[in-house]
$ cat structure.tsv   # TSV, C-alpha atoms and all ligand atoms
chain	number	residue	atom	x	y	z
U	1	MET	CA	0.26	48.56	147.23
U	2	ARG	CA	-0.21	50.09	143.80
U	3	LEU	CA	0.01	53.74	142.76
U	4	SER	CA	-2.99	53.38	140.42
U	5	LYS	CA	-5.12	50.39	139.53
U	6	SER	CA	-8.03	49.17	137.40
U	7	ILE	CA	-10.87	48.10	139.70
U	8	LEU	CA	-12.88	45.32	138.06
U	9	ASN	CA	-14.94	42.35	139.17
U	10	HIS	CA	-17.24	39.62	137.86
U	11	GLN	CA	-19.67	42.25	136.51
U	12	GLU	CA	-17.22	43.49	133.88
U	13	ALA	CA	-16.17	39.89	133.19
U	14	GLU	CA	-19.81	38.87	132.60
U	15	ALA	CA	-20.41	41.84	130.33
U	16	VAL	CA	-17.37	40.88	128.24
U	17	ASN	CA	-18.50	37.25	128.20
U	18	LYS	CA	-21.83	38.34	126.82
U	19	ILE	CA	-20.15	40.11	123.93
U	20	LEU	CA	-17.82	37.18	123.27
U	21	LEU	CA	-20.33	34.35	123.57
U	22	GLU	CA	-23.75	35.83	122.83
U	23	ASP	CA	-23.30	38.94	120.71
U	24	GLY	CA	-20.27	37.56	118.89
U	25	TYR	CA	-19.52	40.89	117.24
U	26	LEU	CA	-16.25	42.24	118.59
U	27	GLY	CA	-15.81	45.36	116.47
U	28	MET	CA	-17.75	48.60	116.71
U	29	GLY	CA	-21.41	47.71	116.99
U	30	ALA	CA	-24.50	48.21	119.11
U	31	GLU	CA	-22.65	48.04	122.43
U	32	VAL	CA	-20.56	51.08	121.49
U	33	GLY	CA	-23.76	52.95	120.65
U	34	LYS	CA	-25.15	52.03	124.05
U	35	PHE	CA	-21.99	53.21	125.82
U	36	GLU	CA	-22.28	56.53	123.99
U	37	GLN	CA	-25.90	56.76	125.11
U	38	ASP	CA	-24.93	56.00	128.70
U	39	ILE	CA	-22.21	58.66	128.68
U	40	ALA	CA	-24.62	61.17	127.12
U	41	THR	CA	-27.22	60.46	129.79
U	42	TYR	CA	-24.58	60.78	132.50
U	43	LEU	CA	-23.35	64.12	131.14
U	44	ASP	CA	-26.83	65.28	130.18
U	45	VAL	CA	-25.96	65.95	126.55
U	46	PRO	CA	-27.60	64.63	123.35
U	47	THR	CA	-26.40	61.12	122.44
U	48	ASN	CA	-25.06	62.22	119.07
U	49	HIS	CA	-22.66	64.63	120.81
U	50	VAL	CA	-20.64	61.68	122.16
U	51	VAL	CA	-18.10	59.82	120.01
U	52	CYS	CA	-16.26	56.85	121.51
U	53	VAL	CA	-12.83	55.90	120.23
U	54	ASN	CA	-10.14	53.37	121.12
U	55	THR	CA	-7.97	55.59	123.37
U	56	GLY	CA	-7.93	59.05	124.92
U	57	THR	CA	-4.96	59.84	122.72
U	58	SER	CA	-7.01	59.05	119.61
U	59	ALA	CA	-9.78	61.29	120.93
U	60	LEU	CA	-7.32	64.17	121.23
U	61	HIS	CA	-5.76	63.44	117.84
U	62	LEU	CA	-9.12	63.44	116.06
U	63	ALA	CA	-10.20	66.56	117.95
U	64	VAL	CA	-7.07	68.41	116.83
U	65	GLU	CA	-7.40	67.20	113.24
U	66	SER	CA	-11.05	68.16	113.05
U	67	ILE	CA	-10.36	71.86	113.68
U	68	LEU	CA	-6.72	72.52	112.71
U	69	GLU	CA	-4.52	72.16	109.68
U	70	GLN	CA	-0.90	71.28	109.12
U	71	GLY	CA	1.31	74.16	110.29
U	72	ASP	CA	-1.21	75.61	112.73
U	73	GLU	CA	-0.16	76.16	116.33
U	74	ILE	CA	-1.97	75.17	119.50
U	75	LEU	CA	-1.17	76.39	123.02
U	76	VAL	CA	-0.74	73.58	125.53
U	77	PRO	CA	0.77	73.33	129.01
U	78	SER	CA	4.12	71.56	128.98
U	79	LEU	CA	3.13	69.85	132.24
U	80	THR	CA	0.93	67.12	130.81
U	81	PHE	CA	1.03	63.50	129.76
U	82	LEU	CA	2.95	62.95	126.53
U	83	SER	CA	-0.38	62.02	124.89
U	84	SER	CA	-1.49	65.63	124.64
U	85	PHE	CA	1.65	66.48	122.67
U	86	GLN	CA	1.69	63.35	120.52
U	87	ALA	CA	-1.95	63.87	119.59
U	88	ILE	CA	-1.08	67.36	118.39
U	89	SER	CA	2.04	66.44	116.41
U	90	ALA	CA	0.25	63.45	114.87
U	91	ALA	CA	-2.01	66.01	113.20
U	92	ARG	CA	1.09	67.90	111.91
U	93	VAL	CA	0.12	70.77	114.18
U	94	THR	CA	2.75	72.48	116.37
U	95	PRO	CA	2.33	72.26	120.14
U	96	ILE	CA	3.39	75.53	121.78
U	97	SER	CA	4.58	74.71	125.30
U	98	CYS	CA	3.20	77.02	127.97
U	99	GLU	CA	3.75	77.52	131.67
U	100	VAL	CA	1.22	76.51	134.31
U	101	TYR	CA	-0.13	78.58	137.16
U	102	GLU	CA	1.73	77.71	140.33
U	103	ASP	CA	-1.45	77.32	142.38
U	104	THR	CA	-3.63	75.18	140.09
U	105	LEU	CA	-0.97	73.58	137.84
U	106	THR	CA	-3.14	74.32	134.80
U	107	ILE	CA	-2.24	76.39	131.72
U	108	ASP	CA	-1.10	79.93	132.53
U	109	LEU	CA	-3.24	82.14	130.30
U	110	GLU	CA	-1.00	85.22	130.65
U	111	ASP	CA	2.01	83.17	129.57
U	112	ALA	CA	-0.04	81.59	126.76
U	113	ALA	CA	-1.14	85.02	125.51
U	114	ASN	CA	2.53	85.98	125.05
U	115	ARG	CA	3.08	82.96	122.80
U	116	ILE	CA	0.27	83.69	120.36
U	117	THR	CA	1.30	84.17	116.71
U	118	SER	CA	-0.64	84.48	113.47
U	119	LYS	CA	-0.55	80.66	113.30
U	120	THR	CA	-2.16	80.10	116.70
U	121	LYS	CA	-5.65	78.66	116.20
U	122	ALA	CA	-6.48	76.82	119.40
U	123	ILE	CA	-5.68	76.15	123.04
U	124	MET	CA	-5.60	72.73	124.68
U	125	SER	CA	-6.20	73.00	128.39
U	126	VAL	CA	-5.37	70.03	130.58
U	127	HIS	CA	-7.48	69.48	133.68
U	128	TYR	CA	-4.41	68.47	135.63
U	129	ALA	CA	-5.18	66.08	138.49
U	130	SER	CA	-8.88	66.43	137.60
U	131	ASN	CA	-8.91	70.16	138.21
U	132	PRO	CA	-10.81	72.19	135.60
U	133	ALA	CA	-9.31	75.38	136.98
U	134	ARG	CA	-10.11	78.86	135.63
U	135	LEU	CA	-12.55	77.41	133.14
U	136	ASN	CA	-14.46	80.66	132.67
U	137	GLU	CA	-11.19	82.52	132.16
U	138	LEU	CA	-10.13	79.91	129.59
U	139	TYR	CA	-13.22	80.51	127.47
U	140	THR	CA	-12.96	84.29	127.85
U	141	PHE	CA	-9.35	84.01	126.68
U	142	ALA	CA	-10.33	81.84	123.71
U	143	LYS	CA	-13.04	84.27	122.70
U	144	LYS	CA	-10.72	87.25	122.97
U	145	PHE	CA	-8.07	85.68	120.75
U	146	LYS	CA	-10.55	83.81	118.50
U	147	LEU	CA	-9.19	80.37	119.39
U	148	ARG	CA	-10.88	77.00	119.51
U	149	VAL	CA	-10.68	75.08	122.81
U	150	ILE	CA	-9.88	71.42	123.29
U	151	GLU	CA	-10.17	70.30	126.91
U	152	ASP	CA	-7.90	67.37	127.69
U	153	ALA	CA	-10.24	66.06	130.35
U	154	ALA	CA	-8.55	62.65	130.60
U	155	HIS	CA	-8.29	63.14	134.37
U	156	ALA	CA	-11.61	64.88	134.82
U	157	PHE	CA	-14.39	62.40	134.16
U	158	GLY	CA	-17.11	63.08	136.73
U	159	CYS	CA	-15.77	66.51	137.76
U	160	LYS	CA	-17.97	69.59	137.92
U	161	LYS	CA	-17.66	73.34	137.44
U	162	ALA	CA	-20.49	75.41	138.94
U	163	ASP	CA	-22.64	72.27	139.20
U	164	LYS	CA	-22.16	71.41	135.53
U	165	LYS	CA	-20.30	68.25	134.62
U	166	ILE	CA	-17.11	68.59	132.59
U	167	GLY	CA	-18.13	67.58	129.08
U	168	SER	CA	-21.60	69.07	129.38
U	169	ILE	CA	-20.34	72.57	128.56
U	170	GLY	CA	-17.49	73.89	126.43
U	171	ASP	CA	-16.10	73.48	122.92
U	172	ILE	CA	-14.46	70.05	122.40
U	173	ILE	CA	-13.87	67.83	125.44
U	174	CYS	CA	-11.81	64.63	125.37
U	175	PHE	CA	-11.93	61.86	127.96
U	176	SER	CA	-9.76	58.79	128.45
U	177	PHE	CA	-11.00	55.45	129.73
U	178	ASP	CA	-7.63	53.72	129.90
U	179	GLY	CA	-6.95	51.20	132.63
U	180	ILE	CA	-6.28	53.60	135.48
U	181	LYS	CA	-8.57	56.55	134.77
U	182	ASN	CA	-11.70	57.40	136.82
U	183	ILE	CA	-13.58	54.81	134.78
U	184	THR	CA	-11.98	52.35	132.39
U	185	SER	CA	-13.18	50.52	129.30
U	186	GLY	CA	-9.89	48.59	129.16
U	187	GLU	CA	-8.62	51.16	126.71
U	188	GLY	CA	-10.83	53.88	125.33
U	189	GLY	CA	-11.70	57.51	124.97
U	190	ALA	CA	-14.48	59.84	123.98
U	191	ILE	CA	-14.93	63.17	122.24
U	192	ILE	CA	-17.82	65.35	123.38
U	193	THR	CA	-18.89	68.38	121.39
U	194	SER	CA	-21.98	70.14	120.13
U	195	ASP	CA	-20.17	71.26	116.95
U	196	GLN	CA	-21.89	69.33	114.15
U	197	ASN	CA	-18.98	69.82	111.78
U	198	VAL	CA	-16.51	68.34	114.28
U	199	LEU	CA	-18.93	65.49	115.01
U	200	ASN	CA	-19.23	64.62	111.33
U	201	ILE	CA	-15.46	64.60	110.90
U	202	VAL	CA	-14.55	62.57	113.97
U	203	LYS	CA	-17.35	60.03	113.50
U	204	ASP	CA	-16.07	59.25	110.02
U	205	ALA	CA	-12.36	59.61	110.85
U	206	ARG	CA	-12.52	56.90	113.54
U	207	LEU	CA	-13.67	54.45	110.84
U	208	LEU	CA	-11.06	55.12	108.13
U	209	ALA	CA	-13.02	58.22	107.05
U	210	ILE	CA	-15.64	56.08	105.36
U	211	GLU	CA	-18.51	58.54	104.98
U	212	LYS	CA	-21.42	57.99	107.37
U	213	ASP	CA	-20.43	54.46	108.39
U	214	SER	CA	-20.93	55.12	112.13
U	215	ASP	CA	-24.73	54.97	112.10
U	216	LYS	CA	-24.68	51.67	110.22
U	217	ARG	CA	-22.28	50.11	112.71
U	218	TYR	CA	-24.68	50.74	115.59
U	219	VAL	CA	-27.22	48.46	113.89
U	220	GLY	CA	-24.76	45.80	112.82
U	221	GLN	CA	-24.34	46.95	109.23
U	222	ARG	CA	-21.54	48.50	107.24
U	223	SER	CA	-21.00	50.37	104.00
U	224	TRP	CA	-19.97	48.41	100.89
U	225	ASP	CA	-20.20	51.31	98.49
U	226	PHE	CA	-18.81	54.50	99.93
U	227	ASP	CA	-16.65	57.55	99.44
U	228	VAL	CA	-13.64	58.85	101.38
U	229	LYS	CA	-12.60	62.49	101.30
U	230	ARG	CA	-9.94	62.76	104.01
U	231	GLN	CA	-7.41	60.81	106.04
U	232	GLY	CA	-9.01	58.45	108.52
U	233	TYR	CA	-7.86	55.99	111.17
U	234	ARG	CA	-8.82	52.70	112.80
U	235	TYR	CA	-9.73	54.51	116.01
U	236	HIS	CA	-13.23	53.14	116.64
U	237	MET	CA	-14.05	51.52	119.98
U	238	SER	CA	-14.66	47.77	120.21
U	239	ASN	CA	-17.87	46.27	121.61
U	240	ILE	CA	-15.69	44.45	124.17
U	241	PHE	CA	-14.33	47.72	125.53
U	242	ALA	CA	-17.74	49.38	125.47
U	243	ALA	CA	-19.17	46.52	127.55
U	244	ILE	CA	-16.50	47.10	130.22
U	245	GLY	CA	-17.05	50.86	130.12
U	246	ARG	CA	-20.81	50.54	130.60
U	247	VAL	CA	-20.40	48.51	133.79
U	248	GLN	CA	-17.75	50.89	135.07
U	249	LEU	CA	-19.99	53.90	134.45
U	250	SER	CA	-22.83	52.23	136.37
U	251	LYS	CA	-20.51	51.91	139.39
U	252	PHE	CA	-18.90	55.32	139.12
U	253	GLU	CA	-21.15	57.59	141.20
U	254	ILE	CA	-21.94	55.03	143.88
U	255	GLU	CA	-18.58	53.35	144.25
U	256	PHE	CA	-15.53	54.90	142.60
U	257	ALA	CA	-16.17	58.65	142.89
U	258	PRO	CA	-16.98	58.74	146.63
U	259	LYS	CA	-13.98	56.54	147.42
U	260	ARG	CA	-11.55	58.67	145.43
U	261	LYS	CA	-12.89	61.84	147.04
U	262	GLN	CA	-12.72	60.37	150.53
U	263	LEU	CA	-9.07	59.31	150.12
U	264	ALA	CA	-8.03	62.68	148.68
U	265	LYS	CA	-9.76	64.46	151.55
U	266	LYS	CA	-7.85	62.34	154.07
U	267	TYR	CA	-4.51	63.10	152.39
U	268	TYR	CA	-5.39	66.80	152.56
U	269	GLU	CA	-6.44	66.63	156.22
U	270	LEU	CA	-3.26	64.86	157.28
U	271	LEU	CA	-0.69	66.66	155.13
U	272	ASN	CA	-1.92	70.18	154.50
U	273	ASP	CA	-0.48	71.54	157.75
U	274	ASN	CA	3.01	70.37	156.81
U	275	ASN	CA	5.10	73.42	155.83
U	276	ASN	CA	7.06	71.40	153.28
U	277	ILE	CA	3.96	70.43	151.32
U	278	ILE	CA	1.74	72.34	148.92
U	279	PHE	CA	-1.57	71.06	147.59
U	280	GLN	CA	-3.10	72.09	144.31
U	281	MET	CA	-5.63	74.92	144.69
U	282	ILE	CA	-9.22	74.00	143.85
U	283	GLU	CA	-11.73	76.80	143.25
U	284	ASP	CA	-14.85	76.89	145.44
U	285	ASP	CA	-17.25	76.09	142.62
U	286	VAL	CA	-15.18	73.14	141.35
U	287	ASP	CA	-16.02	69.62	142.47
U	288	ILE	CA	-13.34	67.11	141.58
U	289	VAL	CA	-13.14	63.32	141.44
U	290	PRO	CA	-9.37	62.96	141.75
U	291	HIS	CA	-7.67	60.64	139.26
U	292	ILE	CA	-4.18	61.16	140.74
U	293	MET	CA	-2.87	62.64	143.99
U	294	PRO	CA	0.10	64.87	143.20
U	295	ILE	CA	1.52	67.18	145.87
U	296	ARG	CA	4.54	69.48	145.82
U	297	ILE	CA	7.44	68.89	148.21
U	298	LEU	CA	9.43	72.04	148.97
U	299	ASN	CA	13.05	72.65	150.01
U	300	ASN	CA	14.64	70.07	147.69
U	301	LYS	CA	13.25	67.18	149.68
U	302	ARG	CA	11.24	65.45	146.96
U	303	ASP	CA	13.86	62.93	145.82
U	304	THR	CA	14.81	61.77	149.30
U	305	LEU	CA	11.16	61.50	150.27
U	306	LYS	CA	10.46	59.47	147.14
U	307	ASN	CA	13.30	57.08	148.01
U	308	GLU	CA	12.23	56.76	151.63
U	309	LEU	CA	8.66	55.95	150.63
U	310	GLU	CA	9.80	53.41	148.07
U	311	GLN	CA	11.91	51.69	150.72
U	312	GLN	CA	8.79	51.40	152.84
U	313	GLY	CA	6.95	49.77	149.95
U	314	ILE	CA	4.97	52.89	149.03
U	315	PRO	CA	4.95	53.38	145.24
U	316	THR	CA	4.99	57.00	144.05
U	317	GLY	CA	5.04	58.73	140.68
U	318	ILE	CA	5.97	62.03	139.05
U	319	HIS	CA	3.27	63.57	136.86
U	320	TYR	CA	4.78	64.70	134.52
U	321	LYS	CA	8.13	65.19	132.87
U	322	PRO	CA	7.50	68.51	131.05
U	323	ASN	CA	7.22	67.89	127.33
U	324	HIS	CA	9.37	70.87	126.30
U	325	LEU	CA	12.35	68.99	127.78
U	326	LEU	CA	11.89	66.08	125.35
U	327	SER	CA	14.05	65.95	122.20
U	328	TYR	CA	11.03	65.85	119.91
U	329	TYR	CA	9.33	68.89	121.48
U	330	GLY	CA	12.09	71.47	121.85
U	331	ASP	CA	14.89	69.53	123.51
U	332	GLY	CA	14.90	71.96	126.42
U	333	LYS	CA	15.83	74.83	124.09
U	334	ILE	CA	13.01	76.91	125.41
U	335	SER	CA	12.91	77.31	129.15
U	336	LEU	CA	9.80	77.32	131.29
U	337	PRO	CA	11.35	78.05	134.69
U	338	LEU	CA	8.22	77.64	136.78
U	339	THR	CA	7.20	74.36	135.13
U	340	GLU	CA	10.75	73.04	135.60
U	341	LYS	CA	10.77	74.04	139.27
U	342	ILE	CA	7.38	72.42	139.86
U	343	TYR	CA	8.56	69.28	138.07
U	344	SER	CA	11.38	68.96	140.63
U	345	GLU	CA	8.86	69.22	143.48
U	346	LEU	CA	6.05	66.96	142.33
U	347	ILE	CA	5.34	63.56	143.80
U	348	THR	CA	2.21	61.51	143.21
U	349	LEU	CA	0.86	59.45	146.10
U	350	PRO	CA	-1.14	56.20	145.77
U	351	LEU	CA	-4.79	56.77	144.89
U	352	HIS	CA	-7.38	54.31	143.60
U	353	PRO	CA	-10.58	52.86	145.02
U	354	GLU	CA	-8.87	49.87	146.65
U	355	ILE	CA	-6.54	52.02	148.77
U	356	THR	CA	-7.84	52.10	152.35
U	357	ILE	CA	-8.09	55.03	154.76
U	358	GLU	CA	-5.68	53.12	157.02
U	359	GLN	CA	-3.13	53.01	154.20
U	360	VAL	CA	-3.50	56.75	153.66
U	361	VAL	CA	-3.00	57.36	157.38
U	362	HIS	CA	0.12	55.18	157.28
U	363	ILE	CA	1.54	56.95	154.20
U	364	CYS	CA	0.89	60.39	155.72
U	365	LYS	CA	2.51	59.39	159.00
U	366	LEU	CA	5.67	58.36	157.12
U	367	ILE	CA	5.68	61.58	155.10
U	368	ASN	CA	5.17	63.78	158.16
U	369	THR	CA	8.00	61.97	159.92
U	370	TYR	CA	10.42	62.47	157.00
U	371	LEU	CA	9.36	66.07	156.45
U	372	LYS	CA	9.42	67.38	160.00
M	1	LIG	C1	-4.38	59.28	130.08
M	1	LIG	C2	-4.18	60.60	129.47
M	1	LIG	C3	-4.36	60.83	128.10
M	1	LIG	C4	-4.52	59.77	127.06
M	1	LIG	O1	-5.35	58.76	127.31
M	1	LIG	P1	-5.12	57.27	126.79
M	1	LIG	O2	-6.51	56.73	126.87
M	1	LIG	O3	-4.18	56.62	127.73
M	1	LIG	O4	-4.62	57.33	125.39
M	1	LIG	C5	-4.26	62.13	127.63
M	1	LIG	N1	-3.98	63.15	128.44
M	1	LIG	C6	-3.77	62.97	129.76
M	1	LIG	C7	-3.46	64.17	130.60
M	1	LIG	C8	-3.84	61.69	130.31
M	1	LIG	O5	-3.61	61.52	131.61
$ encode --input "structure.tsv" --output "C-alpha cells"
Amino acid sequence: MRLSKSILNHQEAEAVNKILLEDGYLGMGAEVGKFEQDIATYLDVPTNHVVCVNTGTSALHLAVESILEQGDEILVPSLTFLSSFQAISAARVTPISCEVYEDTLTIDLEDAANRITSKTKAIMSVHYASNPARLNELYTFAKKFKLRVIEDAAHAFGCKKADKKIGSIGDIICFSFDGIKNITSGEGGAIITSDQNVLNIVKDARLLAIEKDSDKRYVGQRSWDFDVKRQGYRYHMSNIFAAIGRVQLSKFEIEFAPKRKQLAKKYYELLNDNNNIIFQMIEDDVDIVPHIMPIRILNNKRDTLKNELEQQGIPTGIHYKPNHLLSYYGDGKISLPLTEKIYSELITLPLHPEITIEQVVHICKLINTYLK
C-alpha cells in the first residue's frame, strides 16, 4: 500500500509517445498552450488567465515576485509544505509565520492581523488538505488591510466554494501538478489570475524574462531579437508534461475526483465517532476533492498509533512540520503554540484513487482497535 500515488496508464504513455515521436518538440510549445486552454475551460476562465510552469513551487515563486519586492512581508500559515516558504524567500520576501484555526487548519486571520507591519503587502493562504476555508473572510481581511492574496491551492484542484471552482475567483491562485496531486503532469504547476500586469510578468518570467516570448512558443516560434527588463527563470512547462496533464485532466471528474471523495467519506463514516480523533471542519458551501487525508489524534496517542499502523504495513505521513521550527525560517525562536500542538497530533492516512474501500475499512478497524 502507498500513502499517495500517481495514477497513470497507457493513455498518458501514448500522449507522451506522440510528443516524443510525432511532435518532436519537447520544450514549451503548442501542447502547453492546449493544456492551458483545457485548464481554462475546466475552470471557466479566459485562456490567457492561465500560465503553466514547471512546478507548483515555481508558480508560487513567480506569483510572489510579480507583486512583491525585496524586503516586503507576506503572511503565511506555518503549517504548510516547505514550498510555500521557499517560494517566498526565493523572491527575497519575508514569510511571516502565522497560526492556523484549530477547526479548519487554515491561516488564522485574527493571529495574522496581529503580525501586520508597515512592510506587510500580501497574504498567502494555503488550502490545507484541499479545504478553501473561510475564503470570503480571507478576501474581506485582505481588503481591510490592503493586501494582495496568493492562494496556495496546490491541494485544491477541483474544489469548490459556493459552487465556484477554486481558481475561477480570487486574486492569484497557484496549483501544483506534481506526481501525487489531484492531477499530475509529471511535474508542473499553474498560476491563475485576471490581473493583466501579473500575467505579463509571469508569462515572461517563466521564459528567462524574454519579453513576449510566450505567444511565439505556442506556435512553434521563438524570439531572436528581444529585450529583458527583469530577472527571469527557466520555469516554463515542457510539452511532455503538458501531454500528461491533459490526459489526467480528462479523467479527473469522471475517475479521480469521485474516488477520492468516496474514500474520504468512508474514513469519516468509520472514524468520526472515535473520541480520540478529530476531523478537519469543512464549511457547508465548500466541496472538496481531498488530496491528502490528515486527521488529529488526541491524548498523546499519535506516535504509538503511527508505529502500530506501520507495523501492519499501513504507510502514514505527517503534513507538515511547521516551517517556523526550521533553522532557515526562525529556528523555533517564535512560538506558535497551537500549530505546534496540532503538529504533534496530525497523522495522514493513505489516500489515492487506487486505494480500495476494503482497505479503508481495514485501516479504520485497526485504528479503532488501537484507539479504544
Ligand atoms: C505540492 C505543494 C506545493 C508545491 O508544488 P510542487 O509542484 O511540488 O512544486 C506547494 N504547496 C503545497 C501546500 C503543496 O502541497
$ residues_near_ligand --input "structure.tsv" --ligand "ligand LIG 1 (chain M)" --cutoff "8 Å" --atoms "all atoms listed in the file" --output "PyMOL selection string"
chain U and resi 54-60+80-84+126-128+152-155+175-179+181+187-189
$ residues_around --input "structure.tsv" --residues "region 103-115 of chain U" --least-positions-apart "4" --cutoff "7 Å" --atoms "all atoms listed in the file" --output "list of chain:residue names"
U:Leu75, U:Val76, U:Pro77, U:Cys98, U:Glu99, U:Ser125, U:Val126, U:His127, U:Tyr128, U:Ala133, U:Gln280, U:Met281, U:Ile282
$ closest_residue --input "structure.tsv" --among "U:Leu62, U:Ile297, U:Ala122, U:Leu263" --to "Gly232 (chain U)" --atoms "all atoms listed in the file"
U:Leu62
$ atom_distance --input "structure.tsv" --atom1 "CA of Asn9 (chain U)" --atom2 "CA of Val289 (chain U)"
21.2 Å
$ closest_residue --input "structure.tsv" --among "U:Pro258, U:Gly71, U:Pro95, U:Gly186" --to "Val53 (chain U)" --atoms "all atoms listed in the file"
U:Gly186
$ residues_around --input "structure.tsv" --residues "Arg246 (chain U)" --least-positions-apart "3" --cutoff "6 Å" --atoms "all atoms listed in the file" --output "PDB file with C-alpha atoms, in the frame of the given file"
ATOM      1  CA  PHE U  35     -21.990  53.210 125.820  1.00  0.00           C
ATOM      2  CA  ALA U 243     -19.170  46.520 127.550  1.00  0.00           C
ATOM      3  CA  LEU U 249     -19.990  53.900 134.450  1.00  0.00           C
TER       4      LEU U 249
END
$ residues_around --input "structure.tsv" --residues "Cys159 (chain U)" --least-positions-apart "5" --cutoff "9 Å" --atoms "only C-alpha atoms" --output "PyMOL selection string"
chain U and resi 130-132+164-166+286-290
$ residues_near_point --input "structure.tsv" --point "(8.5, 62.9, 145.7)" --cutoff "6 Å" --atoms "all atoms listed in the file" --output "number ranges by chain"
U: 302-303, 305-306, 346-347
$ closest_atom_pairs --input "structure.tsv" --of "region 48-140 of chain U" --to "region 198-206 of chain U" --cutoff "8 Å" --atoms "all atoms listed in the file" --output "tab-separated table"
residue	atom	partner	partner_atom	distance
U:His49	CA	U:Leu199	CA	6.9
U:Val51	CA	U:Lys203	CA	6.6
U:Val53	CA	U:Arg206	CA	6.8
U:Leu62	CA	U:Val202	CA	5.9
U:Ala63	CA	U:Val202	CA	7.1
U:Ser66	CA	U:Val198	CA	5.6
U:Ile67	CA	U:Val198	CA	7.1
$ write_last_selection --input "structure.tsv" --atoms "C-alpha atoms" --output "short mmCIF file (atom, residue, chain, number, x, y, z; two decimals), keeping the file's coordinate frame"
data_model
loop_
_atom_site.label_atom_id
_atom_site.label_comp_id
_atom_site.auth_asym_id
_atom_site.auth_seq_id
_atom_site.Cartn_x
_atom_site.Cartn_y
_atom_site.Cartn_z
CA HIS U 49 -22.66 64.63 120.81
CA VAL U 51 -18.10 59.82 120.01
CA VAL U 53 -12.83 55.90 120.23
CA LEU U 62 -9.12 63.44 116.06
CA ALA U 63 -10.20 66.56 117.95
CA SER U 66 -11.05 68.16 113.05
CA ILE U 67 -10.36 71.86 113.68
#
$ atom_distance --input "structure.tsv" --atom1 "CA of His324 (chain U)" --atom2 "CA of Lys301 (chain U)"
24.0 Å
$ residues_around --input "structure.tsv" --residues "Tyr267 (chain U)" --least-positions-apart "5" --cutoff "10 Å" --atoms "all atoms listed in the file" --output "list of chain:residue names"
U:Gln262, U:Asn272, U:Phe279, U:Met293, U:Ile295, U:Leu349, U:Leu351, U:Ile357, U:Val360, U:Val361, U:Ile363, U:Cys364
$ atom_distance --input "structure.tsv" --atom1 "CA of Val32 (chain U)" --atom2 "CA of Ser194 (chain U)"
19.2 Å
$ closest_residue --input "structure.tsv" --among "U:Ile180, U:Leu135, U:Leu21, U:Leu147" --to "Lys161 (chain U)" --atoms "all atoms listed in the file"
U:Leu135
$ residues_around --input "structure.tsv" --residues "Arg2 (chain U)" --least-positions-apart "5" --cutoff "10 Å" --atoms "only C-alpha atoms" --output "PyMOL selection string"
chain U and resi 313-316+349-352+354-355
$ closest_residue --input "structure.tsv" --among "U:Asn299, U:Phe226, U:Glu283, U:Cys52" --to "Asn136 (chain U)" --atoms "all atoms listed in the file"
U:Glu283
$ decode --input "structure.tsv" --residues "region 150-178 of chain U" --atoms "C-alpha atoms" --output "PDB file, in the first residue's frame"
ATOM      1  CA  ILE U 150      -1.950  34.417  -3.204  1.00  0.00           C
ATOM      2  CA  GLU U 151      -3.876  31.177  -2.747  1.00  0.00           C
ATOM      3  CA  ASP U 152      -1.578  28.175  -2.442  1.00  0.00           C
ATOM      4  CA  ALA U 153      -4.150  25.853  -3.961  1.00  0.00           C
ATOM      5  CA  ALA U 154      -1.685  23.010  -4.545  1.00  0.00           C
ATOM      6  CA  HIS U 155      -4.076  20.668  -2.722  1.00  0.00           C
ATOM      7  CA  ALA U 156      -7.271  22.188  -4.036  1.00  0.00           C
ATOM      8  CA  PHE U 157      -7.535  21.458  -7.739  1.00  0.00           C
ATOM      9  CA  GLY U 158     -11.186  20.655  -8.454  1.00  0.00           C
ATOM     10  CA  CYS U 159     -12.501  22.048  -5.153  1.00  0.00           C
ATOM     11  CA  LYS U 160     -15.401  24.479  -4.976  1.00  0.00           C
ATOM     12  CA  LYS U 161     -16.589  27.346  -2.802  1.00  0.00           C
ATOM     13  CA  ALA U 162     -20.267  28.271  -3.188  1.00  0.00           C
ATOM     14  CA  ASP U 163     -20.404  26.328  -6.466  1.00  0.00           C
ATOM     15  CA  LYS U 164     -17.432  28.203  -7.916  1.00  0.00           C
ATOM     16  CA  LYS U 165     -14.247  26.293  -8.654  1.00  0.00           C
ATOM     17  CA  ILE U 166     -11.094  27.343  -6.823  1.00  0.00           C
ATOM     18  CA  GLY U 167      -9.120  29.291  -9.416  1.00  0.00           C
ATOM     19  CA  SER U 168     -12.210  30.768 -11.041  1.00  0.00           C
ATOM     20  CA  ILE U 169     -12.456  33.514  -8.419  1.00  0.00           C
ATOM     21  CA  GLY U 170      -9.901  35.380  -6.327  1.00  0.00           C
ATOM     22  CA  ASP U 171      -6.641  37.279  -6.786  1.00  0.00           C
ATOM     23  CA  ILE U 172      -3.730  34.958  -7.694  1.00  0.00           C
ATOM     24  CA  ILE U 173      -4.232  31.197  -7.419  1.00  0.00           C
ATOM     25  CA  CYS U 174      -1.425  28.643  -7.724  1.00  0.00           C
ATOM     26  CA  PHE U 175      -1.871  24.941  -8.451  1.00  0.00           C
ATOM     27  CA  SER U 176       0.607  22.070  -8.399  1.00  0.00           C
ATOM     28  CA  PHE U 177       0.509  19.100 -10.750  1.00  0.00           C
ATOM     29  CA  ASP U 178       3.355  17.150  -9.167  1.00  0.00           C
TER      30      ASP U 178
END
